[in-house]
$ cat input-v6.tsv   # TSV, C-alpha atoms
chain	number	residue	atom	x	y	z
Q	4	MET	CA	137.08	-116.95	35.65
Q	5	ASN	CA	134.80	-119.77	34.70
Q	6	ALA	CA	132.59	-117.86	32.30
Q	7	LYS	CA	130.80	-119.84	29.63
Q	8	PRO	CA	132.46	-119.58	26.20
Q	9	LEU	CA	130.82	-116.97	23.99
Q	10	ARG	CA	128.68	-118.27	21.15
Q	11	LEU	CA	127.58	-117.18	17.69
Q	12	PRO	CA	124.01	-115.98	17.11
Q	13	LEU	CA	121.34	-118.60	16.54
Q	14	ASP	CA	119.73	-118.79	13.14
Q	15	ASP	CA	116.57	-116.96	14.17
Q	16	GLU	CA	118.21	-114.41	16.44
Q	17	PRO	CA	118.23	-110.83	15.13
Q	18	GLN	CA	121.47	-109.70	13.48
Q	19	ILE	CA	123.03	-106.62	15.05
Q	20	MET	CA	124.69	-103.67	13.30
Q	21	THR	CA	128.46	-103.73	12.85
Q	22	ALA	CA	130.43	-100.92	14.46
Q	23	GLU	CA	130.87	-99.39	11.02
Q	24	GLN	CA	127.14	-99.21	10.37
Q	25	ARG	CA	126.70	-97.53	13.75
Q	26	SER	CA	129.33	-94.97	12.82
Q	27	VAL	CA	127.38	-94.08	9.65
Q	28	TRP	CA	124.23	-93.41	11.70
Q	29	ILE	CA	126.15	-91.28	14.18
Q	30	TYR	CA	127.97	-89.44	11.40
Q	31	LEU	CA	124.69	-88.60	9.65
Q	32	ALA	CA	123.14	-87.32	12.89
Q	33	ALA	CA	126.27	-85.33	13.78
Q	34	THR	CA	126.53	-83.74	10.32
Q	35	VAL	CA	122.89	-82.67	10.27
Q	36	LEU	CA	123.12	-81.36	13.83
Q	37	ALA	CA	126.33	-79.43	13.22
Q	38	THR	CA	125.05	-77.95	9.96
Q	39	VAL	CA	121.80	-76.77	11.54
Q	40	ALA	CA	123.67	-75.26	14.49
Q	41	TYR	CA	126.15	-73.58	12.15
Q	42	ALA	CA	123.39	-72.16	9.96
Q	43	ALA	CA	121.53	-70.92	13.03
Q	44	ILE	CA	124.60	-68.89	14.01
Q	45	ILE	CA	125.68	-67.67	10.58
Q	46	VAL	CA	122.45	-66.88	8.73
Q	47	PRO	CA	121.26	-64.18	11.18
Q	48	ARG	CA	124.78	-62.68	11.22
Q	49	ALA	CA	124.93	-62.61	7.43
Q	50	LEU	CA	121.50	-61.00	7.19
Q	51	ASP	CA	122.38	-58.22	9.65
Q	52	ASN	CA	125.89	-57.38	8.43
Q	53	PRO	CA	127.71	-57.09	5.12
Q	54	VAL	CA	129.05	-60.60	4.40
Q	55	ALA	CA	132.67	-59.45	4.31
Q	56	GLU	CA	132.41	-58.57	8.02
Q	57	VAL	CA	130.74	-61.78	9.19
Q	58	SER	CA	133.10	-63.90	11.29
Q	59	TRP	CA	132.29	-67.41	10.16
Q	60	VAL	CA	135.64	-69.18	10.48
Q	61	ARG	CA	135.48	-70.17	14.13
Q	62	PRO	CA	131.87	-71.45	13.96
Q	63	MET	CA	132.69	-73.48	10.85
Q	64	LEU	CA	135.81	-75.03	12.34
Q	65	LEU	CA	133.78	-75.83	15.46
Q	66	ALA	CA	131.08	-77.43	13.32
Q	67	ILE	CA	133.61	-79.59	11.43
Q	68	GLY	CA	135.59	-80.49	14.56
Q	69	GLY	CA	132.36	-81.19	16.43
Q	70	THR	CA	131.14	-83.52	13.69
Q	71	ILE	CA	134.38	-85.52	13.78
Q	72	LEU	CA	134.55	-85.67	17.58
Q	73	LEU	CA	130.88	-86.58	17.96
Q	74	THR	CA	131.20	-89.33	15.36
Q	75	ILE	CA	134.22	-90.90	17.03
Q	76	VAL	CA	132.94	-90.65	20.60
Q	77	GLY	CA	129.39	-91.63	19.66
Q	78	THR	CA	130.53	-94.68	17.71
Q	79	ILE	CA	132.79	-95.88	20.51
Q	80	VAL	CA	130.16	-95.42	23.22
Q	81	TRP	CA	127.37	-97.01	21.17
Q	82	SER	CA	129.54	-99.94	20.10
Q	83	ILE	CA	130.66	-100.62	23.67
Q	84	ALA	CA	127.05	-100.54	24.83
Q	85	ALA	CA	126.08	-102.96	22.06
Q	86	GLY	CA	129.02	-105.20	22.92
Q	87	VAL	CA	128.08	-105.33	26.59
Q	88	ARG	CA	124.46	-106.15	25.70
Q	89	LEU	CA	125.59	-108.98	23.44
Q	90	GLY	CA	127.98	-110.30	26.06
Q	91	LEU	CA	125.19	-110.45	28.62
Q	92	ARG	CA	123.24	-112.67	26.23
Q	93	GLY	CA	126.29	-114.88	25.86
Q	94	ARG	CA	127.06	-113.87	22.26
Q	95	ASP	CA	130.54	-112.93	21.08
Q	96	PRO	CA	130.63	-109.15	20.48
Q	97	GLU	CA	133.98	-109.21	18.73
Q	98	ILE	CA	132.75	-111.32	15.84
Q	99	GLU	CA	129.46	-109.51	15.41
Q	100	LEU	CA	130.68	-105.91	15.68
Q	101	GLU	CA	133.76	-106.36	13.53
Q	102	SER	CA	133.81	-104.87	10.00
Q	103	ASP	CA	133.52	-107.37	7.18
Q	104	VAL	CA	133.60	-107.53	3.39
Q	105	ARG	CA	130.09	-106.16	3.21
Q	106	ASP	CA	131.07	-103.03	5.15
Q	107	LYS	CA	133.99	-102.50	2.81
Q	108	GLU	CA	131.83	-102.83	-0.31
Q	109	ILE	CA	129.19	-100.48	1.12
Q	110	ASN	CA	131.89	-97.96	1.97
Q	111	LYS	CA	133.10	-97.91	-1.62
Q	112	ARG	CA	129.60	-97.53	-3.01
Q	113	GLY	CA	128.97	-94.65	-0.63
Q	114	THR	CA	132.06	-92.82	-1.90
Q	115	THR	CA	130.95	-93.39	-5.48
Q	116	ALA	CA	127.49	-92.01	-4.77
Q	117	SER	CA	128.86	-88.69	-3.50
Q	118	SER	CA	131.88	-88.22	-5.76
Q	119	THR	CA	130.04	-86.59	-8.68
Q	120	LEU	CA	128.26	-84.18	-6.36
Q	121	VAL	CA	131.51	-83.27	-4.60
Q	122	GLY	CA	133.32	-82.87	-7.92
Q	123	VAL	CA	130.70	-80.50	-9.29
Q	124	GLY	CA	130.65	-78.59	-5.98
Q	125	LEU	CA	134.41	-78.12	-5.99
Q	126	LEU	CA	134.31	-76.94	-9.58
Q	127	GLY	CA	131.70	-74.40	-8.47
Q	128	VAL	CA	133.99	-73.26	-5.66
Q	129	LEU	CA	136.87	-72.85	-8.12
Q	130	ILE	CA	134.64	-70.75	-10.37
Q	131	LEU	CA	133.74	-68.60	-7.34
Q	132	THR	CA	137.43	-67.97	-6.69
Q	133	MET	CA	137.93	-67.05	-10.35
Q	134	ALA	CA	134.98	-64.68	-10.23
Q	135	GLY	CA	136.65	-62.95	-7.29
Q	136	ALA	CA	133.81	-63.71	-4.87
Q	137	ASP	CA	134.13	-62.73	-1.22
Q	138	HIS	CA	135.87	-65.31	0.99
Q	139	PHE	CA	132.63	-65.67	2.92
Q	140	TRP	CA	130.89	-67.17	-0.11
Q	141	ILE	CA	133.83	-69.39	-1.02
Q	142	GLY	CA	133.86	-70.75	2.53
Q	143	GLN	CA	130.11	-71.38	2.58
Q	144	ALA	CA	130.23	-73.11	-0.81
Q	145	LEU	CA	133.01	-75.39	0.43
Q	146	TYR	CA	131.08	-76.26	3.58
Q	147	VAL	CA	127.85	-76.94	1.71
Q	148	THR	CA	129.71	-79.15	-0.78
Q	149	GLY	CA	131.29	-81.16	2.01
Q	150	ALA	CA	128.09	-81.48	4.05
Q	151	ALA	CA	125.95	-82.40	1.03
Q	152	GLY	CA	128.52	-85.00	-0.04
Q	153	GLY	CA	128.71	-86.46	3.46
Q	154	ILE	CA	124.94	-86.67	3.83
Q	155	THR	CA	124.52	-88.28	0.39
Q	156	GLU	CA	127.21	-90.78	1.26
Q	157	ALA	CA	125.67	-91.65	4.63
Q	158	ILE	CA	122.14	-92.05	3.25
Q	159	THR	CA	123.39	-94.23	0.39
Q	160	LYS	CA	125.26	-96.47	2.83
Q	161	LEU	CA	122.31	-96.77	5.19
Q	162	ARG	CA	120.01	-97.71	2.31
Q	163	LEU	CA	122.48	-100.39	1.25
Q	164	TYR	CA	122.68	-101.68	4.82
Q	165	GLN	CA	118.90	-101.85	5.11
Q	166	ARG	CA	117.91	-103.08	1.66
Q	167	GLY	CA	120.96	-104.83	0.28
Q	168	PHE	CA	122.72	-104.21	-3.00
Y	29	MET	CA	140.81	-102.23	-25.10
Y	30	GLU	CA	137.72	-101.74	-22.94
Y	31	LEU	CA	135.70	-98.61	-23.67
Y	32	GLU	CA	135.85	-97.54	-20.03
Y	33	LEU	CA	139.63	-97.91	-19.99
Y	34	ARG	CA	139.77	-95.70	-23.06
Y	35	HIS	CA	137.73	-93.06	-21.19
Y	36	HIS	CA	140.09	-93.23	-18.24
Y	37	LEU	CA	143.06	-92.75	-20.57
Y	38	VAL	CA	141.38	-89.79	-22.30
Y	39	GLY	CA	140.68	-88.28	-18.89
Y	40	LEU	CA	144.27	-88.76	-17.82
Y	41	ILE	CA	145.63	-87.12	-20.96
Y	42	ALA	CA	143.13	-84.23	-20.94
Y	43	GLY	CA	143.90	-83.57	-17.27
Y	44	LEU	CA	147.65	-83.67	-17.80
Y	45	GLY	CA	147.39	-81.37	-20.82
Y	46	ALA	CA	145.27	-78.83	-18.92
Y	47	PHE	CA	147.54	-78.92	-15.87
Y	48	VAL	CA	150.77	-78.47	-17.85
Y	49	ALA	CA	149.29	-75.78	-20.10
Y	50	TYR	CA	148.06	-73.83	-17.07
Y	51	TRP	CA	151.41	-73.82	-15.31
Y	52	ALA	CA	153.22	-72.99	-18.53
Y	53	ILE	CA	151.05	-69.88	-18.91
Y	54	ILE	CA	151.37	-68.87	-15.26
Y	55	LEU	CA	155.14	-69.38	-15.00
Y	56	ASN	CA	155.61	-67.51	-18.26
Y	57	ARG	CA	153.52	-64.62	-16.99
Y	58	ALA	CA	155.34	-64.61	-13.67
Y	59	ALA	CA	158.64	-64.36	-15.53
Y	60	THR	CA	157.59	-61.65	-17.97
Y	61	ASP	CA	154.97	-59.55	-16.15
Y	62	ASP	CA	157.37	-58.35	-13.47
Y	63	VAL	CA	154.92	-58.73	-10.57
Y	64	ALA	CA	154.92	-60.89	-7.43
Y	65	PHE	CA	154.08	-64.54	-8.15
Y	66	THR	CA	150.69	-64.38	-6.38
Y	67	GLU	CA	149.76	-61.23	-8.30
Y	68	VAL	CA	149.91	-62.90	-11.70
Y	69	ALA	CA	146.60	-62.77	-13.60
Y	70	TRP	CA	145.62	-66.41	-13.06
Y	71	ARG	CA	141.83	-66.28	-13.34
Y	72	GLY	CA	141.55	-66.22	-17.11
Y	73	PRO	CA	144.00	-69.07	-17.77
Y	74	LEU	CA	142.39	-71.27	-15.10
Y	75	LEU	CA	138.95	-70.79	-16.57
Y	76	LEU	CA	140.38	-71.46	-20.03
Y	77	VAL	CA	142.13	-74.75	-19.21
Y	78	LEU	CA	139.21	-76.02	-17.11
Y	79	GLY	CA	136.81	-75.17	-19.91
Y	80	VAL	CA	138.93	-76.65	-22.69
Y	81	GLY	CA	139.99	-79.76	-20.72
Y	82	GLY	CA	136.51	-80.46	-19.39
Y	83	GLY	CA	134.91	-79.66	-22.74
Y	84	LEU	CA	137.26	-81.97	-24.63
Y	85	TYR	CA	136.59	-84.83	-22.25
Y	86	ALA	CA	132.83	-84.21	-22.43
Y	87	VAL	CA	132.82	-84.15	-26.25
Y	88	ILE	CA	134.71	-87.45	-26.48
Y	89	TYR	CA	132.49	-88.98	-23.84
Y	90	ILE	CA	129.27	-87.88	-25.54
Y	91	LEU	CA	130.50	-88.97	-28.99
Y	92	SER	CA	131.27	-92.44	-27.72
Y	93	ALA	CA	127.97	-92.61	-25.84
Y	94	VAL	CA	126.10	-91.70	-29.01
Y	95	ARG	CA	128.03	-94.17	-31.12
Y	96	ASN	CA	127.30	-96.97	-28.66
Y	97	ARG	CA	123.71	-96.06	-27.86
Y	98	GLY	CA	121.47	-99.00	-27.14
Y	99	ARG	CA	124.43	-101.30	-26.55
Y	100	VAL	CA	125.71	-102.52	-23.23
Y	101	VAL	CA	129.34	-101.42	-23.10
Y	102	THR	CA	130.21	-101.81	-19.41
Y	103	ASP	CA	130.16	-104.82	-17.12
Y	104	VAL	CA	130.50	-105.61	-13.45
Y	105	ARG	CA	134.27	-105.41	-13.67
Y	106	ASP	CA	134.17	-101.86	-15.08
Y	107	ALA	CA	131.83	-100.79	-12.30
Y	108	GLU	CA	133.99	-102.41	-9.64
Y	109	ILE	CA	137.13	-100.72	-10.97
Y	110	ARG	CA	135.37	-97.35	-11.14
Y	111	ARG	CA	134.32	-97.66	-7.51
Y	112	ALA	CA	137.84	-98.54	-6.37
Y	113	ALA	CA	139.25	-95.63	-8.39
Y	114	GLU	CA	136.74	-93.15	-6.99
Y	115	GLU	CA	137.65	-94.23	-3.49
Y	116	ALA	CA	141.33	-93.69	-4.28
Y	117	GLY	CA	140.72	-90.14	-5.51
Y	118	ALA	CA	138.21	-89.05	-2.88
Y	119	GLY	CA	140.71	-88.89	0.00
Y	120	LEU	CA	143.01	-86.41	-1.74
Y	121	THR	CA	140.13	-84.22	-2.85
Y	122	GLY	CA	138.81	-84.17	0.70
Y	123	ILE	CA	142.19	-83.12	2.09
Y	124	ALA	CA	142.40	-80.35	-0.54
Y	125	SER	CA	138.98	-78.93	0.42
Y	126	LEU	CA	139.83	-79.00	4.10
Y	127	THR	CA	143.15	-77.25	3.43
Y	128	ALA	CA	141.33	-74.62	1.35
Y	129	LEU	CA	138.92	-74.03	4.24
Y	130	ILE	CA	141.80	-73.57	6.68
Y	131	LEU	CA	143.50	-71.15	4.28
Y	132	LEU	CA	140.26	-69.17	4.05
Y	133	GLY	CA	140.21	-69.09	7.84
Y	134	LEU	CA	143.75	-67.72	7.91
Y	135	ASP	CA	142.57	-65.05	5.45
Y	136	VAL	CA	145.32	-65.63	2.87
Y	137	SER	CA	144.81	-64.39	-0.69
Y	138	THR	CA	142.32	-66.08	-3.00
Y	139	PHE	CA	145.27	-67.10	-5.19
Y	140	TRP	CA	146.34	-69.74	-2.68
Y	141	VAL	CA	142.82	-70.99	-2.02
Y	142	ALA	CA	142.17	-71.49	-5.72
Y	143	HIS	CA	145.52	-73.19	-6.31
Y	144	VAL	CA	145.19	-75.58	-3.40
Y	145	LEU	CA	141.80	-76.61	-4.82
Y	146	PHE	CA	143.10	-76.83	-8.38
Y	147	VAL	CA	146.26	-78.79	-7.58
Y	148	GLY	CA	144.47	-80.97	-4.99
Y	149	GLY	CA	141.66	-81.69	-7.42
Y	150	TYR	CA	144.17	-82.56	-10.12
Y	151	LEU	CA	146.10	-84.90	-7.82
Y	152	GLY	CA	142.80	-86.52	-6.87
Y	153	SER	CA	141.98	-87.10	-10.55
Y	154	LEU	CA	145.50	-88.46	-11.07
Y	155	ALA	CA	144.99	-90.97	-8.25
Y	156	TYR	CA	141.62	-91.86	-9.80
Y	157	SER	CA	143.02	-92.47	-13.29
Y	158	GLY	CA	146.13	-94.20	-11.97
Y	159	LYS	CA	144.14	-96.60	-9.84
Y	160	ALA	CA	141.71	-97.35	-12.68
Y	161	ILE	CA	144.38	-97.92	-15.33
Y	162	THR	CA	146.55	-100.14	-13.12
Y	163	ALA	CA	143.42	-102.08	-12.14
Y	164	TYR	CA	142.69	-102.80	-15.83
Y	165	ARG	CA	146.27	-103.96	-16.37
Y	166	LYS	CA	147.01	-105.82	-13.16
Y	167	GLY	CA	143.64	-106.44	-11.57
Y	168	LEU	CA	142.20	-105.18	-8.28
Y	169	ALA	CA	144.40	-106.31	-5.43

$ encode --input "input-v6.tsv" --output "structure tokens"
Amino acid sequence: MNAKPLRLPLDDEPQIMTAEQRSVWIYLAATVLATVAYAAIIVPRALDNPVAEVSWVRPMLLAIGGTILLTIVGTIVWSIAAGVRLGLRGRDPEIELESDVRDKEINKRGTTASSTLVGVGLLGVLILTMAGADHFWIGQALYVTGAAGGITEAITKLRLYQRGF
Amino acid sequence: MELELRHHLVGLIAGLGAFVAYWAIILNRAATDDVAFTEVAWRGPLLLVLGVGGGLYAVIYILSAVRNRGRVVTDVRDAEIRRAAEEAGAGLTGIASLTALILLGLDVSTFWVAHVLFVGGYLGSLAYSGKAITAYRKGLA
């Protein structure tokens, strides 16, 4: 091996996304995709049958599992592709893809942005259980709370990545 | 003492009071009502403690906001601590919601779903207050 040592980006070279920023993009896409697919299955079922008889558990678990799996696999594949592209240009992928202080700070701000929404949503779910609502509605409320929180978090993070603090 | 720290302490105390009061009512009913533990009438007490605890916290919060209107009472440090605390609480709350979803999937009684959410949410708020209060005393590590 007599490869040239890898270098840092030049001053006027475009900065690439860190692996963490990529994972936010993938997570947002996966969540929206899974939610739309889930709704496409459940809404017609709920309209045609009494809600107590709708089987929603398996589709929802598939939607949640699918979101997680897609995010992990998508992030790995996309980051490897970006790393290879950088390597071909002679830049050091490890340094540029690695998470840094900025990622950490953005992560925290993302959590903060969604925490009120999630808190109110969970309170709503608790009230549904107290009102003796059907398990179908409790489950849907939980899913919507989680999905809305996740989407808020992802959009907040992406805005911070694009526009700064 | 910082105003924000005072709010965190009020939240901690209101939460603890609501949690203890709730379980005192439920355990008492379970002992005296002569029914299975999951058949105890839990809906009323839960609504009561959530309403009273949340209402108390809201009243104190609004009173202090009114008293300090027009003044800047928080700084960058308060905001930074709040963010760290929210991150500390969010994980537990997330686990609680996921557990509740799985319980719904297993079709167990609403009693368990509600209590997983209630206890999980409380533990999340405990992690939140704990992180915030230690951060005020010892700094953010």

$ residues_around --input "input-v6.tsv" --residues "Ala46 in chain Y" --least-positions-apart "6" --cutoff "10 Å" --atoms "all atoms listed in the file" --output "PDB file with C-alpha atoms, in the frame of the given file"
ATOM      1  CA  ALA Y  52     153.220 -72.990 -18.530  1.00  0.00           C
ATOM      2  CA  PRO Y  73     144.000 -69.070 -17.770  1.00  0.00           C
ATOM      3  CA  LEU Y  74     142.390 -71.270 -15.100  1.00  0.00           C
ATOM      4  CA  LEU Y  76     140.380 -71.460 -20.030  1.00  0.00           C
ATOM      5  CA  VAL Y  77     142.130 -74.750 -19.210  1.00  0.00           C
ATOM      6  CA  LEU Y  78     139.210 -76.020 -17.110  1.00  0.00           C
ATOM      7  CA  GLY Y  79     136.810 -75.170 -19.910  1.00  0.00           C
ATOM      8  CA  VAL Y  80     138.930 -76.650 -22.690  1.00  0.00           C
ATOM      9  CA  GLY Y  81     139.990 -79.760 -20.720  1.00  0.00           C
ATOM     10  CA  GLY Y  82     136.510 -80.460 -19.390  1.00  0.00           C
ATOM     11  CA  TYR Y 150     144.170 -82.560 -10.120  1.00  0.00           C
TER      12      TYR Y 150
END

$ interface_residues --input "input-v6.tsv" --of "chain Y" --to "chain Q" --cutoff "8 Å" --atoms "all atoms listed in the file" --output "PyMOL selection string"
chain Y and resi 71-72+74-75+111-112+114-115+118+125+129+132-133+138+141-142+145-146

$ write_last_selection --input "input-v6.tsv" --atoms "C-alpha atoms" --output "PDB file, in the coordinates of the input"
ATOM      1  CA  ARG Y  71     141.830 -66.280 -13.340  1.00  0.00           C
ATOM      2  CA  GLY Y  72     141.550 -66.220 -17.110  1.00  0.00           C
ATOM      3  CA  LEU Y  74     142.390 -71.270 -15.100  1.00  0.00           C
ATOM      4  CA  LEU Y  75     138.950 -70.790 -16.570  1.00  0.00           C
ATOM      5  CA  ARG Y 111     134.320 -97.660  -7.510  1.00  0.00           C
ATOM      6  CA  ALA Y 112     137.840 -98.540  -6.370  1.00  0.00           C
ATOM      7  CA  GLU Y 114     136.740 -93.150  -6.990  1.00  0.00           C
ATOM      8  CA  GLU Y 115     137.650 -94.230  -3.490  1.00  0.00           C
ATOM      9  CA  ALA Y 118     138.210 -89.050  -2.880  1.00  0.00           C
ATOM     10  CA  SER Y 125     138.980 -78.930   0.420  1.00  0.00           C
ATOM     11  CA  LEU Y 129     138.920 -74.030   4.240  1.00  0.00           C
ATOM     12  CA  LEU Y 132     140.260 -69.170   4.050  1.00  0.00           C
ATOM     13  CA  GLY Y 133     140.210 -69.090   7.840  1.00  0.00           C
ATOM     14  CA  THR Y 138     142.320 -66.080  -3.000  1.00  0.00           C
ATOM     15  CA  VAL Y 141     142.820 -70.990  -2.020  1.00  0.00           C
ATOM     16  CA  ALA Y 142     142.170 -71.490  -5.720  1.00  0.00           C
ATOM     17  CA  LEU Y 145     141.800 -76.610  -4.820  1.00  0.00           C
ATOM     18  CA  PHE Y 146     143.100 -76.830  -8.380  1.00  0.00           C
TER      19      PHE Y 146
END

$ residues_around --input "input-v6.tsv" --residues "Gly158 in chain Y" --least-positions-apart "4" --cutoff "9 Å" --atoms "only C-alpha atoms" --output "list in words"
His36, Leu40, Ala113, Ser153, Leu154, Thr162 and Ala163 of chain Y

$ closest_residue --input "input-v6.tsv" --among "Q:Trp140, Q:Lys107, Q:Ile98, Q:Tyr164" --to "Leu9 in chain Q" --atoms "all atoms listed in the file"
Q:Ile98

$ atom_distance --input "input-v6.tsv" --atom1 "CA of Leu73 in chain Q" --atom2 "CA of Ala33 in chain Q"
6.3 Å

$ closest_residue --input "input-v6.tsv" --among "Q:Leu65, Q:Gly86, Q:Trp28, Q:Val123" --to "Glu156 in chain Q" --atoms "all atoms listed in the file"
Q:Trp28

$ closest_residue --input "input-v6.tsv" --among "Q:Ala144, Q:Ile158, Q:Ala37, Q:Ala85" --to "Gln18 in chain Q" --atoms "only C-alpha atoms"
Q:Ala85

$ residues_around --input "input-v6.tsv" --residues "Glu32 in chain Y" --least-positions-apart "4" --cutoff "9 Å" --atoms "all atoms listed in the file" --output "list in words"
His36, Leu37, Val101, Thr102, Asp106 and Arg110 of chain Y

$ closest_residue --input "input-v6.tsv" --among "Y:Leu31, Y:Ala42, Y:Ala49, Y:Ile130" --to "Tyr85 in chain Y" --atoms "all atoms listed in the file"
Y:Ala42

$ residues_near_point --input "input-v6.tsv" --point "(128.3, -93.5, 16.4)" --cutoff "9 Å" --atoms "only C-alpha atoms" --output "mmCIF file with C-alpha atoms, in the frame of the given file"
data_model
loop_
_atom_site.group_PDB
_atom_site.id
_atom_site.type_symbol
_atom_site.label_atom_id
_atom_site.label_comp_id
_atom_site.auth_asym_id
_atom_site.auth_seq_id
_atom_site.Cartn_x
_atom_site.Cartn_y
_atom_site.Cartn_z
ATOM 1 C CA ALA Q 22 130.430 -100.920 14.460
ATOM 2 C CA GLU Q 23 130.870 -99.390 11.020
ATOM 3 C CA GLN Q 24 127.140 -99.210 10.370
ATOM 4 C CA ARG Q 25 126.700 -97.530 13.750
ATOM 5 C CA SER Q 26 129.330 -94.970 12.820
ATOM 6 C CA VAL Q 27 127.380 -94.080 9.650
ATOM 7 C CA TRP Q 28 124.230 -93.410 11.700
ATOM 8 C CA ILE Q 29 126.150 -91.280 14.180
ATOM 9 C CA TYR Q 30 127.970 -89.440 11.400
ATOM 10 C CA ALA Q 32 123.140 -87.320 12.890
ATOM 11 C CA ALA Q 33 126.270 -85.330 13.780
ATOM 12 C CA LEU Q 73 130.880 -86.580 17.960
ATOM 13 C CA THR Q 74 131.200 -89.330 15.360
ATOM 14 C CA ILE Q 75 134.220 -90.900 17.030
ATOM 15 C CA VAL Q 76 132.940 -90.650 20.600
ATOM 16 C CA GLY Q 77 129.390 -91.630 19.660
ATOM 17 C CA THR Q 78 130.530 -94.680 17.710
ATOM 18 C CA ILE Q 79 132.790 -95.880 20.510
ATOM 19 C CA VAL Q 80 130.160 -95.420 23.220
ATOM 20 C CA TRP Q 81 127.370 -97.010 21.170
ATOM 21 C CA SER Q 82 129.540 -99.940 20.100
#

$ atom_distance --input "input-v6.tsv" --atom1 "CA of Asp135 in chain Y" --atom2 "CA of Leu151 in chain Y"
24.1 Å

$ build_atoms --input "input-v6.tsv" --residues "range 161-166 of chain Q" --atoms "all heavy atoms" --output "compact mmCIF listing (two decimals), in the coordinates of the input"
# COMPACT_ATOMS: atom_id res chain seq x y z
N LEU Q 161 123.36 -96.23 4.32
CA LEU Q 161 122.31 -96.77 5.19
C LEU Q 161 121.27 -97.53 4.38
O LEU Q 161 120.77 -98.57 4.79
CB LEU Q 161 121.66 -95.65 6.01
CG LEU Q 161 122.60 -95.06 7.07
CD1 LEU Q 161 121.96 -93.88 7.77
CD2 LEU Q 161 122.99 -96.12 8.08
N ARG Q 162 120.96 -96.99 3.19
CA ARG Q 162 120.01 -97.71 2.31
C ARG Q 162 120.57 -99.07 1.94
O ARG Q 162 119.84 -100.07 1.92
CB ARG Q 162 119.76 -96.91 1.03
CG ARG Q 162 118.73 -95.82 1.19
CD ARG Q 162 118.57 -95.11 -0.14
NE ARG Q 162 118.01 -96.02 -1.13
CZ ARG Q 162 116.76 -95.95 -1.57
NH1 ARG Q 162 115.96 -95.02 -1.11
NH2 ARG Q 162 116.32 -96.80 -2.47
N LEU Q 163 121.87 -99.11 1.62
CA LEU Q 163 122.48 -100.39 1.25
C LEU Q 163 122.46 -101.36 2.43
O LEU Q 163 122.23 -102.55 2.27
CB LEU Q 163 123.91 -100.18 0.76
CG LEU Q 163 124.05 -99.49 -0.59
CD1 LEU Q 163 125.49 -99.10 -0.86
CD2 LEU Q 163 123.54 -100.40 -1.70
N TYR Q 164 122.72 -100.82 3.63
CA TYR Q 164 122.68 -101.68 4.82
C TYR Q 164 121.29 -102.27 5.02
O TYR Q 164 121.13 -103.44 5.36
CB TYR Q 164 123.08 -100.90 6.06
CG TYR Q 164 124.57 -100.86 6.31
CD1 TYR Q 164 125.27 -99.66 6.30
CD2 TYR Q 164 125.28 -102.02 6.58
CE1 TYR Q 164 126.63 -99.62 6.53
CE2 TYR Q 164 126.65 -101.98 6.81
CZ TYR Q 164 127.31 -100.78 6.79
OH TYR Q 164 128.65 -100.75 7.02
N GLN Q 165 120.27 -101.41 4.82
CA GLN Q 165 118.90 -101.85 5.11
C GLN Q 165 118.34 -102.76 4.02
O GLN Q 165 117.64 -103.71 4.31
CB GLN Q 165 117.95 -100.66 5.26
CG GLN Q 165 118.42 -99.58 6.22
CD GLN Q 165 118.16 -99.93 7.65
OE1 GLN Q 165 117.71 -101.02 7.96
NE2 GLN Q 165 118.47 -99.02 8.56
N ARG Q 166 118.62 -102.41 2.76
CA ARG Q 166 117.91 -103.08 1.66
C ARG Q 166 118.79 -103.97 0.82
O ARG Q 166 118.32 -104.59 -0.12
CB ARG Q 166 117.27 -102.03 0.74
CG ARG Q 166 116.32 -101.14 1.49
CD ARG Q 166 115.62 -100.21 0.55
NE ARG Q 166 114.82 -99.27 1.32
CZ ARG Q 166 114.12 -98.30 0.79
NH1 ARG Q 166 114.13 -98.14 -0.52
NH2 ARG Q 166 113.42 -97.50 1.53
